[in-house]
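To keep things clear, I will list the structure first and then write my remarks on it.
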Amino acid sequence: MASETRPFLKMNGLGNDFVVWDAREQPLRLSSDVIARLGDRESGIGFDQMITVERSSLGVDAFMRIHNQNGGEVSACGNATRCIGRLLMEEIGKDLVTIETGAGLLHAFDSPGPRNVTVDMGPPRIRWDEIPLAEEFADTRAIELQIGPIDDPVLHTPAAVNMGNPHAIFWVDDVEGYELERFGPLLELHPIFPEGANISLAHVFEEDQIRLKVWERGVGLTLACGTAACAVGVAAARDTKTSRRTTVHLPGGPIGIEWRESDDHVLMTGLTEIEFEGEVDLESLEWRKTGSGDASAAGAVS
Ligand SMILES: N[C@@H](CCC[C@H](N)C(=O)O)C(=O)O
């Protein structure tokens with residue numbers, strides 16, 4: 001049987017990077033082992049998430065399937081929703097599109113500034129069983145965590161928020177003052193989080209300005225995580241550390257978050273980038289670049 005070569009697009013939202021397949025005409029389902037091999041930065045294409053754009057069974061603009069680098073399927077990815085929103089808006093020629101995800105229908109719309117996209121991520125879920133947590137907590141602004149090898153008290157009382165996926169947020173004085181790569185893997189799989197969790201270190205350094213570093217479930221340290229930025233914006237406002245409008249500064253750049261009072265929805269605005277076009281032989285998993293991205297577009301600043 002001849003091997004199949006499939007085109008893909010490499011994109012990122014503030015450095016949180018994705019391989020994007022268009023599977024609307026020709027379905028594509030890869031095993032978790034293949035996804036992990038393609039996601040490997042040494043031997044594969046390298047990405048944080050793999051995004052498969054499919055036809056929506058609900059008749060909206062598209063369905064977006066999300067896999068983490070380790071091959072596990074998840075329901076939400078804020079940065080990828082902005083990237084897919086941009087692709088669909090450019091394709092359809094509209095300035096608002098609706099994307100079906102595992103976490104529900106999300107609207108993406110054009111935002112001032114080139115390649116800037118806003119996504120309405122819907123309302124946060126903050127009840128202990130919605131996050132979900134393994135035991136009842138009346139107040140999820142600070143839950144109690146028992147974690148043996150870590151003795152810093154700051155790392156025992158995270159806030160917990162679900163933005164279509166579970167997040168734990170530790171408020172610290174300096175996000176660089178902790179070895180997130182050491183305790184991220186322990187906390188991601190802590191039994192209090194039956195579905196695992198994305199782990200954030202956050203610090204309000206100026207009025208409504210938050211510094212954020214994230215250990216993503218199923219990936220590790222990433223340059224940015226959109227749902228974490230939303231969760232942190234919500235946790236900060238719940239705790240009156242900030243107003244409902246914040247700028248969250250990630251290693252990959254800033255992202256604007258608004259937790260709208262009128263309908264409880266969280267809006268996230270930030271840059272999207274097409275890095276390059278490529279193709280993969282799905283049998284050998286060999287891949288090559290076939291085209292360039294935004295950086296080579298006319299007028300782009302390199
Ligand atoms: N990078 C994403 C989140 C991707 C999923 C996450 N790792 C999880 O397992 O929930 C974002 O931008 O939100």
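Scheme for the structure tokens: letters A, B, ... for chains in order shown; per-chain residue numbers from 1; ligand numbers from 1 in order shown.
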Subject >> Residue neighbourhood Gly220 (chain A), 10 Å, only C-alpha atoms, exclusion window fewer than 5 positions, as a PyMOL selection string >> reply: chain A and resi 48+68-70+180-181+184-185+188+198-199+214-215
Subject >> Given 6 Å and only C-alpha atoms and all ligand atoms, residues near ligand 1 as a list in words >> reply: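 Residues satisfying the distance criterion: Asn68, Val74, Ala76, Cys77, Gly78, Asn79, Asn165, Glu216, Arg217, Gly218, Cys225, Gly226 and Thr227 of chain A.
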When DSSP is applied to the backbone of this structure, which of region 30-275 of chain A are assigned strand (DSSP E)? Write them out as a PDB file with N, CA and C atoms, in the first residue's frame.
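Full text of states04.pdb as output:
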```pdb
ATOM      1  N   GLN A  49       0.891  21.062  21.126  1.00  0.00           N
ATOM      2  CA  GLN A  49      -0.401  20.408  20.866  1.00  0.00           C
ATOM      3  C   GLN A  49      -0.534  20.104  19.383  1.00  0.00           C
ATOM      4  N   MET A  50      -1.285  19.037  19.097  1.00  0.00           N
ATOM      5  CA  MET A  50      -1.649  18.720  17.719  1.00  0.00           C
ATOM      6  C   MET A  50      -3.145  19.021  17.562  1.00  0.00           C
ATOM      7  N   ILE A  51      -3.460  19.796  16.525  1.00  0.00           N
ATOM      8  CA  ILE A  51      -4.845  20.242  16.338  1.00  0.00           C
ATOM      9  C   ILE A  51      -5.381  19.654  15.036  1.00  0.00           C
ATOM     10  N   THR A  52      -6.509  18.971  15.127  1.00  0.00           N
ATOM     11  CA  THR A  52      -7.145  18.416  13.932  1.00  0.00           C
ATOM     12  C   THR A  52      -8.450  19.172  13.701  1.00  0.00           C
ATOM     13  N   VAL A  53      -8.519  19.849  12.562  1.00  0.00           N
ATOM     14  CA  VAL A  53      -9.737  20.602  12.241  1.00  0.00           C
ATOM     15  C   VAL A  53     -10.654  19.667  11.463  1.00  0.00           C
ATOM     16  N   GLU A  54     -11.856  19.435  12.019  1.00  0.00           N
ATOM     17  CA  GLU A  54     -12.807  18.497  11.417  1.00  0.00           C
ATOM     18  C   GLU A  54     -14.111  19.232  11.115  1.00  0.00           C
ATOM     19  N   ALA A  62     -16.385  24.850  12.321  1.00  0.00           N
ATOM     20  CA  ALA A  62     -15.511  23.667  12.342  1.00  0.00           C
ATOM     21  C   ALA A  62     -15.519  23.064  13.746  1.00  0.00           C
ATOM     22  N   PHE A  63     -15.051  21.822  13.823  1.00  0.00           N
ATOM     23  CA  PHE A  63     -14.767  21.187  15.119  1.00  0.00           C
ATOM     24  C   PHE A  63     -13.250  21.137  15.255  1.00  0.00           C
ATOM     25  N   MET A  64     -12.749  21.392  16.452  1.00  0.00           N
ATOM     26  CA  MET A  64     -11.307  21.393  16.676  1.00  0.00           C
ATOM     27  C   MET A  64     -10.975  20.293  17.683  1.00  0.00           C
ATOM     28  N   ARG A  65     -10.187  19.289  17.243  1.00  0.00           N
ATOM     29  CA  ARG A  65      -9.781  18.211  18.159  1.00  0.00           C
ATOM     30  C   ARG A  65      -8.371  18.538  18.671  1.00  0.00           C
ATOM     31  N   ILE A  66      -8.156  18.352  19.955  1.00  0.00           N
ATOM     32  CA  ILE A  66      -6.881  18.779  20.564  1.00  0.00           C
ATOM     33  C   ILE A  66      -6.184  17.576  21.201  1.00  0.00           C
ATOM     34  N   HIS A  67      -4.928  17.379  20.834  1.00  0.00           N
ATOM     35  CA  HIS A  67      -4.104  16.369  21.518  1.00  0.00           C
ATOM     36  C   HIS A  67      -2.892  17.055  22.113  1.00  0.00           C
ATOM     37  N   ASN A  68      -2.545  16.702  23.336  1.00  0.00           N
ATOM     38  CA  ASN A  68      -1.299  17.167  23.934  1.00  0.00           C
ATOM     39  C   ASN A  68      -0.121  16.448  23.296  1.00  0.00           C
ATOM     40  N   GLU A  73      -5.809  13.095  24.421  1.00  0.00           N
ATOM     41  CA  GLU A  73      -6.785  14.064  23.893  1.00  0.00           C
ATOM     42  C   GLU A  73      -7.368  14.884  25.040  1.00  0.00           C
ATOM     43  N   VAL A  74      -7.500  16.202  24.838  1.00  0.00           N
ATOM     44  CA  VAL A  74      -8.064  17.100  25.858  1.00  0.00           C
ATOM     45  C   VAL A  74      -9.129  17.989  25.222  1.00  0.00           C
ATOM     46  N   LEU A  96     -15.996  36.870  12.476  1.00  0.00           N
ATOM     47  CA  LEU A  96     -16.394  36.097  13.662  1.00  0.00           C
ATOM     48  C   LEU A  96     -16.690  34.670  13.231  1.00  0.00           C
ATOM     49  N   VAL A  97     -16.110  33.709  13.917  1.00  0.00           N
ATOM     50  CA  VAL A  97     -16.408  32.309  13.589  1.00  0.00           C
ATOM     51  C   VAL A  97     -16.754  31.558  14.874  1.00  0.00           C
ATOM     52  N   THR A  98     -17.440  30.431  14.705  1.00  0.00           N
ATOM     53  CA  THR A  98     -17.810  29.605  15.852  1.00  0.00           C
ATOM     54  C   THR A  98     -17.127  28.258  15.710  1.00  0.00           C
ATOM     55  N   ILE A  99     -16.452  27.854  16.767  1.00  0.00           N
ATOM     56  CA  ILE A  99     -15.667  26.617  16.725  1.00  0.00           C
ATOM     57  C   ILE A  99     -16.217  25.670  17.786  1.00  0.00           C
ATOM     58  N   GLU A 100     -16.523  24.444  17.335  1.00  0.00           N
ATOM     59  CA  GLU A 100     -16.975  23.418  18.288  1.00  0.00           C
ATOM     60  C   GLU A 100     -15.721  22.769  18.888  1.00  0.00           C
ATOM     61  N   THR A 101     -15.695  22.646  20.212  1.00  0.00           N
ATOM     62  CA  THR A 101     -14.566  21.994  20.895  1.00  0.00           C
ATOM     63  C   THR A 101     -15.138  21.014  21.920  1.00  0.00           C
ATOM     64  N   GLY A 104     -17.203  22.777  24.399  1.00  0.00           N
ATOM     65  CA  GLY A 104     -18.385  23.536  23.986  1.00  0.00           C
ATOM     66  C   GLY A 104     -18.097  24.412  22.778  1.00  0.00           C
ATOM     67  N   LEU A 105     -19.090  25.256  22.435  1.00  0.00           N
ATOM     68  CA  LEU A 105     -18.951  26.147  21.280  1.00  0.00           C
ATOM     69  C   LEU A 105     -18.238  27.421  21.709  1.00  0.00           C
ATOM     70  N   LEU A 106     -17.193  27.789  20.962  1.00  0.00           N
ATOM     71  CA  LEU A 106     -16.443  28.999  21.295  1.00  0.00           C
ATOM     72  C   LEU A 106     -16.468  29.944  20.100  1.00  0.00           C
ATOM     73  N   HIS A 107     -16.571  31.246  20.373  1.00  0.00           N
ATOM     74  CA  HIS A 107     -16.560  32.242  19.304  1.00  0.00           C
ATOM     75  C   HIS A 107     -15.195  32.902  19.258  1.00  0.00           C
ATOM     76  N   ALA A 108     -14.646  33.005  18.037  1.00  0.00           N
ATOM     77  CA  ALA A 108     -13.383  33.718  17.851  1.00  0.00           C
ATOM     78  C   ALA A 108     -13.664  34.903  16.955  1.00  0.00           C
ATOM     79  N   PHE A 109     -13.078  36.043  17.269  1.00  0.00           N
ATOM     80  CA  PHE A 109     -13.280  37.211  16.399  1.00  0.00           C
ATOM     81  C   PHE A 109     -12.029  38.052  16.281  1.00  0.00           C
ATOM     82  N   ASP A 110     -12.052  38.795  15.169  1.00  0.00           N
ATOM     83  CA  ASP A 110     -10.933  39.658  14.815  1.00  0.00           C
ATOM     84  C   ASP A 110     -10.758  40.735  15.866  1.00  0.00           C
ATOM     85  N   ASN A 116      -4.035  39.538  15.480  1.00  0.00           N
ATOM     86  CA  ASN A 116      -4.549  39.498  16.846  1.00  0.00           C
ATOM     87  C   ASN A 116      -5.952  38.903  16.809  1.00  0.00           C
ATOM     88  N   VAL A 117      -6.214  37.935  17.657  1.00  0.00           N
ATOM     89  CA  VAL A 117      -7.537  37.295  17.675  1.00  0.00           C
ATOM     90  C   VAL A 117      -8.030  37.226  19.118  1.00  0.00           C
ATOM     91  N   THR A 118      -9.342  37.466  19.280  1.00  0.00           N
ATOM     92  CA  THR A 118      -9.981  37.313  20.591  1.00  0.00           C
ATOM     93  C   THR A 118     -10.832  36.055  20.565  1.00  0.00           C
ATOM     94  N   VAL A 119     -10.812  35.307  21.664  1.00  0.00           N
ATOM     95  CA  VAL A 119     -11.731  34.173  21.792  1.00  0.00           C
ATOM     96  C   VAL A 119     -12.555  34.358  23.059  1.00  0.00           C
ATOM     97  N   ASP A 120     -13.853  34.124  22.918  1.00  0.00           N
ATOM     98  CA  ASP A 120     -14.731  34.080  24.089  1.00  0.00           C
ATOM     99  C   ASP A 120     -14.686  32.649  24.603  1.00  0.00           C
ATOM    100  N   ALA A 159      -5.099  28.040  44.062  1.00  0.00           N
ATOM    101  CA  ALA A 159      -6.479  28.278  43.622  1.00  0.00           C
ATOM    102  C   ALA A 159      -6.748  27.265  42.510  1.00  0.00           C
ATOM    103  N   ALA A 160      -8.004  26.908  42.324  1.00  0.00           N
ATOM    104  CA  ALA A 160      -8.342  25.953  41.260  1.00  0.00           C
ATOM    105  C   ALA A 160      -9.480  26.524  40.408  1.00  0.00           C
ATOM    106  N   VAL A 161      -9.305  26.421  39.095  1.00  0.00           N
ATOM    107  CA  VAL A 161     -10.298  26.961  38.139  1.00  0.00           C
ATOM    108  C   VAL A 161     -10.342  26.013  36.940  1.00  0.00           C
ATOM    109  N   ASN A 162     -11.525  25.782  36.396  1.00  0.00           N
ATOM    110  CA  ASN A 162     -11.633  25.022  35.147  1.00  0.00           C
ATOM    111  C   ASN A 162     -12.038  25.983  34.014  1.00  0.00           C
ATOM    112  N   PRO A 166      -8.584  21.608  33.572  1.00  0.00           N
ATOM    113  CA  PRO A 166      -8.311  21.961  34.978  1.00  0.00           C
ATOM    114  C   PRO A 166      -6.994  22.723  35.188  1.00  0.00           C
ATOM    115  N   HIS A 167      -7.064  23.737  36.044  1.00  0.00           N
ATOM    116  CA  HIS A 167      -5.882  24.558  36.347  1.00  0.00           C
ATOM    117  C   HIS A 167      -5.714  24.733  37.848  1.00  0.00           C
ATOM    118  N   ALA A 168      -4.459  24.651  38.304  1.00  0.00           N
ATOM    119  CA  ALA A 168      -4.116  24.991  39.687  1.00  0.00           C
ATOM    120  C   ALA A 168      -3.153  26.162  39.632  1.00  0.00           C
ATOM    121  N   ILE A 169      -3.419  27.175  40.456  1.00  0.00           N
ATOM    122  CA  ILE A 169      -2.624  28.413  40.394  1.00  0.00           C
ATOM    123  C   ILE A 169      -2.003  28.690  41.758  1.00  0.00           C
ATOM    124  N   PHE A 170      -0.690  28.808  41.767  1.00  0.00           N
ATOM    125  CA  PHE A 170       0.031  29.121  43.001  1.00  0.00           C
ATOM    126  C   PHE A 170       0.469  30.580  42.933  1.00  0.00           C
ATOM    127  N   TRP A 171       0.033  31.371  43.903  1.00  0.00           N
ATOM    128  CA  TRP A 171       0.434  32.781  43.951  1.00  0.00           C
ATOM    129  C   TRP A 171       1.791  32.865  44.631  1.00  0.00           C
ATOM    130  N   ASN A 198      -3.193  21.514  34.867  1.00  0.00           N
ATOM    131  CA  ASN A 198      -2.143  22.411  34.379  1.00  0.00           C
ATOM    132  C   ASN A 198      -1.721  23.249  35.576  1.00  0.00           C
ATOM    133  N   ILE A 199      -0.405  23.392  35.762  1.00  0.00           N
ATOM    134  CA  ILE A 199       0.109  23.998  36.997  1.00  0.00           C
ATOM    135  C   ILE A 199       0.728  25.365  36.693  1.00  0.00           C
ATOM    136  N   SER A 200       0.231  26.411  37.377  1.00  0.00           N
ATOM    137  CA  SER A 200       0.709  27.772  37.120  1.00  0.00           C
ATOM    138  C   SER A 200       1.357  28.387  38.342  1.00  0.00           C
ATOM    139  N   LEU A 201       2.415  29.169  38.091  1.00  0.00           N
ATOM    140  CA  LEU A 201       2.974  30.073  39.097  1.00  0.00           C
ATOM    141  C   LEU A 201       2.608  31.475  38.646  1.00  0.00           C
ATOM    142  N   ALA A 202       1.996  32.267  39.517  1.00  0.00           N
ATOM    143  CA  ALA A 202       1.537  33.588  39.101  1.00  0.00           C
ATOM    144  C   ALA A 202       1.902  34.636  40.142  1.00  0.00           C
ATOM    145  N   HIS A 203       2.146  35.858  39.650  1.00  0.00           N
ATOM    146  CA  HIS A 203       2.552  36.958  40.517  1.00  0.00           C
ATOM    147  C   HIS A 203       1.976  38.258  39.959  1.00  0.00           C
ATOM    148  N   VAL A 204       1.228  38.992  40.803  1.00  0.00           N
ATOM    149  CA  VAL A 204       0.724  40.302  40.375  1.00  0.00           C
ATOM    150  C   VAL A 204       1.839  41.299  40.662  1.00  0.00           C
ATOM    151  N   PHE A 205       2.475  41.835  39.613  1.00  0.00           N
ATOM    152  CA  PHE A 205       3.657  42.687  39.845  1.00  0.00           C
ATOM    153  C   PHE A 205       3.354  44.169  39.744  1.00  0.00           C
ATOM    154  N   GLU A 206       2.205  44.500  39.124  1.00  0.00           N
ATOM    155  CA  GLU A 206       1.739  45.900  39.051  1.00  0.00           C
ATOM    156  C   GLU A 206       0.240  45.823  38.952  1.00  0.00           C
ATOM    157  N   GLN A 209      -1.462  43.646  36.271  1.00  0.00           N
ATOM    158  CA  GLN A 209      -0.411  43.042  35.450  1.00  0.00           C
ATOM    159  C   GLN A 209       0.073  41.784  36.170  1.00  0.00           C
ATOM    160  N   ILE A 210      -0.028  40.664  35.484  1.00  0.00           N
ATOM    161  CA  ILE A 210       0.299  39.381  36.125  1.00  0.00           C
ATOM    162  C   ILE A 210       1.418  38.694  35.359  1.00  0.00           C
ATOM    163  N   ARG A 211       2.393  38.194  36.089  1.00  0.00           N
ATOM    164  CA  ARG A 211       3.439  37.377  35.458  1.00  0.00           C
ATOM    165  C   ARG A 211       3.039  35.906  35.653  1.00  0.00           C
ATOM    166  N   LEU A 212       3.203  35.086  34.603  1.00  0.00           N
ATOM    167  CA  LEU A 212       2.716  33.700  34.663  1.00  0.00           C
ATOM    168  C   LEU A 212       3.708  32.740  34.016  1.00  0.00           C
ATOM    169  N   LYS A 213       3.910  31.615  34.687  1.00  0.00           N
ATOM    170  CA  LYS A 213       4.731  30.534  34.134  1.00  0.00           C
ATOM    171  C   LYS A 213       3.908  29.257  34.279  1.00  0.00           C
ATOM    172  N   VAL A 214       3.877  28.430  33.232  1.00  0.00           N
ATOM    173  CA  VAL A 214       2.950  27.284  33.256  1.00  0.00           C
ATOM    174  C   VAL A 214       3.662  25.966  32.939  1.00  0.00           C
ATOM    175  N   TRP A 215       3.324  24.978  33.765  1.00  0.00           N
ATOM    176  CA  TRP A 215       3.653  23.585  33.461  1.00  0.00           C
ATOM    177  C   TRP A 215       2.368  22.970  32.933  1.00  0.00           C
ATOM    178  N   GLU A 216       2.344  22.657  31.627  1.00  0.00           N
ATOM    179  CA  GLU A 216       1.099  22.134  31.049  1.00  0.00           C
ATOM    180  C   GLU A 216       0.982  20.619  31.202  1.00  0.00           C
ATOM    181  N   GLY A 220       4.520  19.766  29.589  1.00  0.00           N
ATOM    182  CA  GLY A 220       5.665  20.269  30.351  1.00  0.00           C
ATOM    183  C   GLY A 220       5.656  21.788  30.310  1.00  0.00           C
ATOM    184  N   LEU A 221       6.820  22.400  30.479  1.00  0.00           N
ATOM    185  CA  LEU A 221       6.880  23.872  30.447  1.00  0.00           C
ATOM    186  C   LEU A 221       6.578  24.340  29.026  1.00  0.00           C
ATOM    187  N   THR A 222       5.697  25.334  28.884  1.00  0.00           N
ATOM    188  CA  THR A 222       5.433  25.892  27.552  1.00  0.00           C
ATOM    189  C   THR A 222       5.654  27.406  27.613  1.00  0.00           C
ATOM    190  N   ARG A 245     -10.057  42.998  34.355  1.00  0.00           N
ATOM    191  CA  ARG A 245      -9.292  43.182  33.102  1.00  0.00           C
ATOM    192  C   ARG A 245      -7.821  43.154  33.433  1.00  0.00           C
ATOM    193  N   THR A 246      -7.116  42.151  32.915  1.00  0.00           N
ATOM    194  CA  THR A 246      -5.698  42.038  33.248  1.00  0.00           C
ATOM    195  C   THR A 246      -4.877  41.798  31.984  1.00  0.00           C
ATOM    196  N   THR A 247      -3.599  42.081  32.109  1.00  0.00           N
ATOM    197  CA  THR A 247      -2.659  41.611  31.085  1.00  0.00           C
ATOM    198  C   THR A 247      -1.805  40.551  31.742  1.00  0.00           C
ATOM    199  N   VAL A 248      -1.760  39.394  31.119  1.00  0.00           N
ATOM    200  CA  VAL A 248      -0.998  38.279  31.683  1.00  0.00           C
ATOM    201  C   VAL A 248       0.268  38.118  30.849  1.00  0.00           C
ATOM    202  N   HIS A 249       1.419  38.248  31.506  1.00  0.00           N
ATOM    203  CA  HIS A 249       2.704  38.209  30.800  1.00  0.00           C
ATOM    204  C   HIS A 249       3.313  36.812  30.926  1.00  0.00           C
ATOM    205  N   LEU A 250       3.378  36.135  29.797  1.00  0.00           N
ATOM    206  CA  LEU A 250       3.944  34.780  29.745  1.00  0.00           C
ATOM    207  C   LEU A 250       5.341  34.855  29.130  1.00  0.00           C
ATOM    208  N   GLY A 253       5.074  36.118  25.688  1.00  0.00           N
ATOM    209  CA  GLY A 253       4.498  37.439  25.416  1.00  0.00           C
ATOM    210  C   GLY A 253       3.209  37.677  26.198  1.00  0.00           C
ATOM    211  N   PRO A 254       2.624  38.866  26.003  1.00  0.00           N
ATOM    212  CA  PRO A 254       1.442  39.248  26.787  1.00  0.00           C
ATOM    213  C   PRO A 254       0.118  38.803  26.147  1.00  0.00           C
ATOM    214  N   ILE A 255      -0.845  38.571  27.000  1.00  0.00           N
ATOM    215  CA  ILE A 255      -2.176  38.171  26.544  1.00  0.00           C
ATOM    216  C   ILE A 255      -3.195  38.971  27.383  1.00  0.00           C
ATOM    217  N   GLY A 256      -4.208  39.498  26.719  1.00  0.00           N
ATOM    218  CA  GLY A 256      -5.206  40.307  27.430  1.00  0.00           C
ATOM    219  C   GLY A 256      -6.365  39.427  27.886  1.00  0.00           C
ATOM    220  N   ILE A 257      -6.752  39.581  29.132  1.00  0.00           N
ATOM    221  CA  ILE A 257      -7.849  38.771  29.682  1.00  0.00           C
ATOM    222  C   ILE A 257      -8.916  39.706  30.256  1.00  0.00           C
ATOM    223  N   GLU A 258     -10.143  39.433  29.890  1.00  0.00           N
ATOM    224  CA  GLU A 258     -11.259  40.157  30.518  1.00  0.00           C
ATOM    225  C   GLU A 258     -12.287  39.135  31.002  1.00  0.00           C
ATOM    226  N   TRP A 259     -12.613  39.181  32.275  1.00  0.00           N
ATOM    227  CA  TRP A 259     -13.677  38.325  32.837  1.00  0.00           C
ATOM    228  C   TRP A 259     -14.908  39.224  32.923  1.00  0.00           C
ATOM    229  N   VAL A 266     -15.182  34.700  29.847  1.00  0.00           N
ATOM    230  CA  VAL A 266     -13.782  35.138  29.852  1.00  0.00           C
ATOM    231  C   VAL A 266     -13.331  35.347  28.403  1.00  0.00           C
ATOM    232  N   LEU A 267     -12.817  36.544  28.112  1.00  0.00           N
ATOM    233  CA  LEU A 267     -12.328  36.845  26.762  1.00  0.00           C
ATOM    234  C   LEU A 267     -10.810  36.956  26.778  1.00  0.00           C
ATOM    235  N   MET A 268     -10.214  36.369  25.771  1.00  0.00           N
ATOM    236  CA  MET A 268      -8.749  36.314  25.730  1.00  0.00           C
ATOM    237  C   MET A 268      -8.290  36.859  24.378  1.00  0.00           C
ATOM    238  N   THR A 269      -7.349  37.799  24.391  1.00  0.00           N
ATOM    239  CA  THR A 269      -6.891  38.423  23.145  1.00  0.00           C
ATOM    240  C   THR A 269      -5.378  38.332  23.042  1.00  0.00           C
ATOM    241  N   GLY A 270      -4.892  37.896  21.886  1.00  0.00           N
ATOM    242  CA  GLY A 270      -3.437  37.838  21.714  1.00  0.00           C
ATOM    243  C   GLY A 270      -3.061  37.479  20.295  1.00  0.00           C
ATOM    244  N   LEU A 271      -1.765  37.440  20.064  1.00  0.00           N
ATOM    245  CA  LEU A 271      -1.215  37.220  18.719  1.00  0.00           C
ATOM    246  C   LEU A 271      -1.325  35.764  18.275  1.00  0.00           C
ATOM    247  N   GLU A 273       0.407  33.197  15.039  1.00  0.00           N
ATOM    248  CA  GLU A 273       1.443  33.209  14.005  1.00  0.00           C
ATOM    249  C   GLU A 273       1.432  31.901  13.207  1.00  0.00           C
ATOM    250  N   ILE A 274       1.541  32.042  11.877  1.00  0.00           N
ATOM    251  CA  ILE A 274       1.799  30.876  11.029  1.00  0.00           C
ATOM    252  C   ILE A 274       3.312  30.790  10.878  1.00  0.00           C
ATOM    253  N   GLU A 275       3.905  29.661  11.301  1.00  0.00           N
ATOM    254  CA  GLU A 275       5.370  29.525  11.228  1.00  0.00           C
ATOM    255  C   GLU A 275       5.805  29.026   9.851  1.00  0.00           C
TER     256      GLU A 275
END
```
**OP:** Grab the CA of Arg37 (chain A) to CA of Leu285 (chain A) distance for me, in Å with one decimal place.
**Re:**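 According to the coordinates, CA of Arg37 (chain A) and CA of Leu285 (chain A) are separated by 8.2 Å.
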Original post:
So which residues touch Leu9 (chain A) within 12 Å, counting only C-alpha atoms, skipping near sequence neighbours fewer than 2 positions away, as number ranges by chain?
Top reply: A: 6-7, 11-12, 17-22, 45, 47, 50-53, 83-84, 87, 273-280, 287-294
**OP:** Assign secondary structure with DSSP using the backbone only, and return the residues of region 45-223 of chain A in helix (DSSP H, G or I) as number ranges by chain.
**Re:** A: 78-92, 153-156, 175-177, 180-188
Subject >> Å distance separating CA of Gly72 (chain A) from CA of Ala36 (chain A), one decimal place >> reply: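 Rounded to one decimal, the two atoms are 8.8 Å apart.
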Subject >> Between CA of Pro194 (chain A) and CA of Pro132 (chain A) - distance in Å to one decimal >> reply: 6.8 Å
Subject >> Polymer residues at most 9 Å from His156 (chain A), only C-alpha atoms, same-chain spacing of 4 or more positions, as a ChimeraX atom specification >> reply: /A:142-147,150-152,170
Output for the residues just chosen: N, CA and C atoms as a short mmCIF file (atom, residue, chain, number, x, y, z; two decimals), in the first residue's frame:
```
data_model
loop_
_atom_site.label_atom_id
_atom_site.label_comp_id
_atom_site.auth_asym_id
_atom_site.auth_seq_id
_atom_site.Cartn_x
_atom_site.Cartn_y
_atom_site.Cartn_z
N ALA A 142 -8.45 28.81 47.49
CA ALA A 142 -7.22 28.26 48.10
C ALA A 142 -7.57 26.88 48.64
N ILE A 143 -7.16 25.86 47.93
CA ILE A 143 -7.44 24.50 48.40
C ILE A 143 -6.19 23.98 49.14
N GLU A 144 -6.38 22.97 49.97
CA GLU A 144 -5.25 22.41 50.74
C GLU A 144 -4.67 21.23 49.99
N LEU A 145 -3.38 21.26 49.76
CA LEU A 145 -2.71 20.17 49.03
C LEU A 145 -1.64 19.55 49.90
N GLN A 146 -1.68 18.26 50.08
CA GLN A 146 -0.58 17.57 50.78
C GLN A 146 0.39 17.09 49.72
N ILE A 147 1.62 17.58 49.80
CA ILE A 147 2.60 17.09 48.83
C ILE A 147 3.96 16.98 49.51
N ILE A 150 7.71 18.66 48.93
CA ILE A 150 7.81 20.12 48.78
C ILE A 150 7.49 20.77 50.12
N ASP A 151 8.45 21.52 50.68
CA ASP A 151 8.17 22.05 52.01
C ASP A 151 7.75 23.53 52.02
N ASP A 152 7.76 24.20 50.87
CA ASP A 152 7.36 25.61 50.85
C ASP A 152 5.84 25.71 51.02
N PHE A 170 -0.69 28.81 41.77
CA PHE A 170 0.03 29.12 43.00
C PHE A 170 0.47 30.58 42.93
#
```
Original post:
Which is closest to Gly177 (chain A) among A:Val154, A:Ser56, A:Val219, A:Arg29, if we use only C-alpha atoms?
Top reply: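 Closest to Gly177 (chain A), using only C-alpha atoms: A:Val154.
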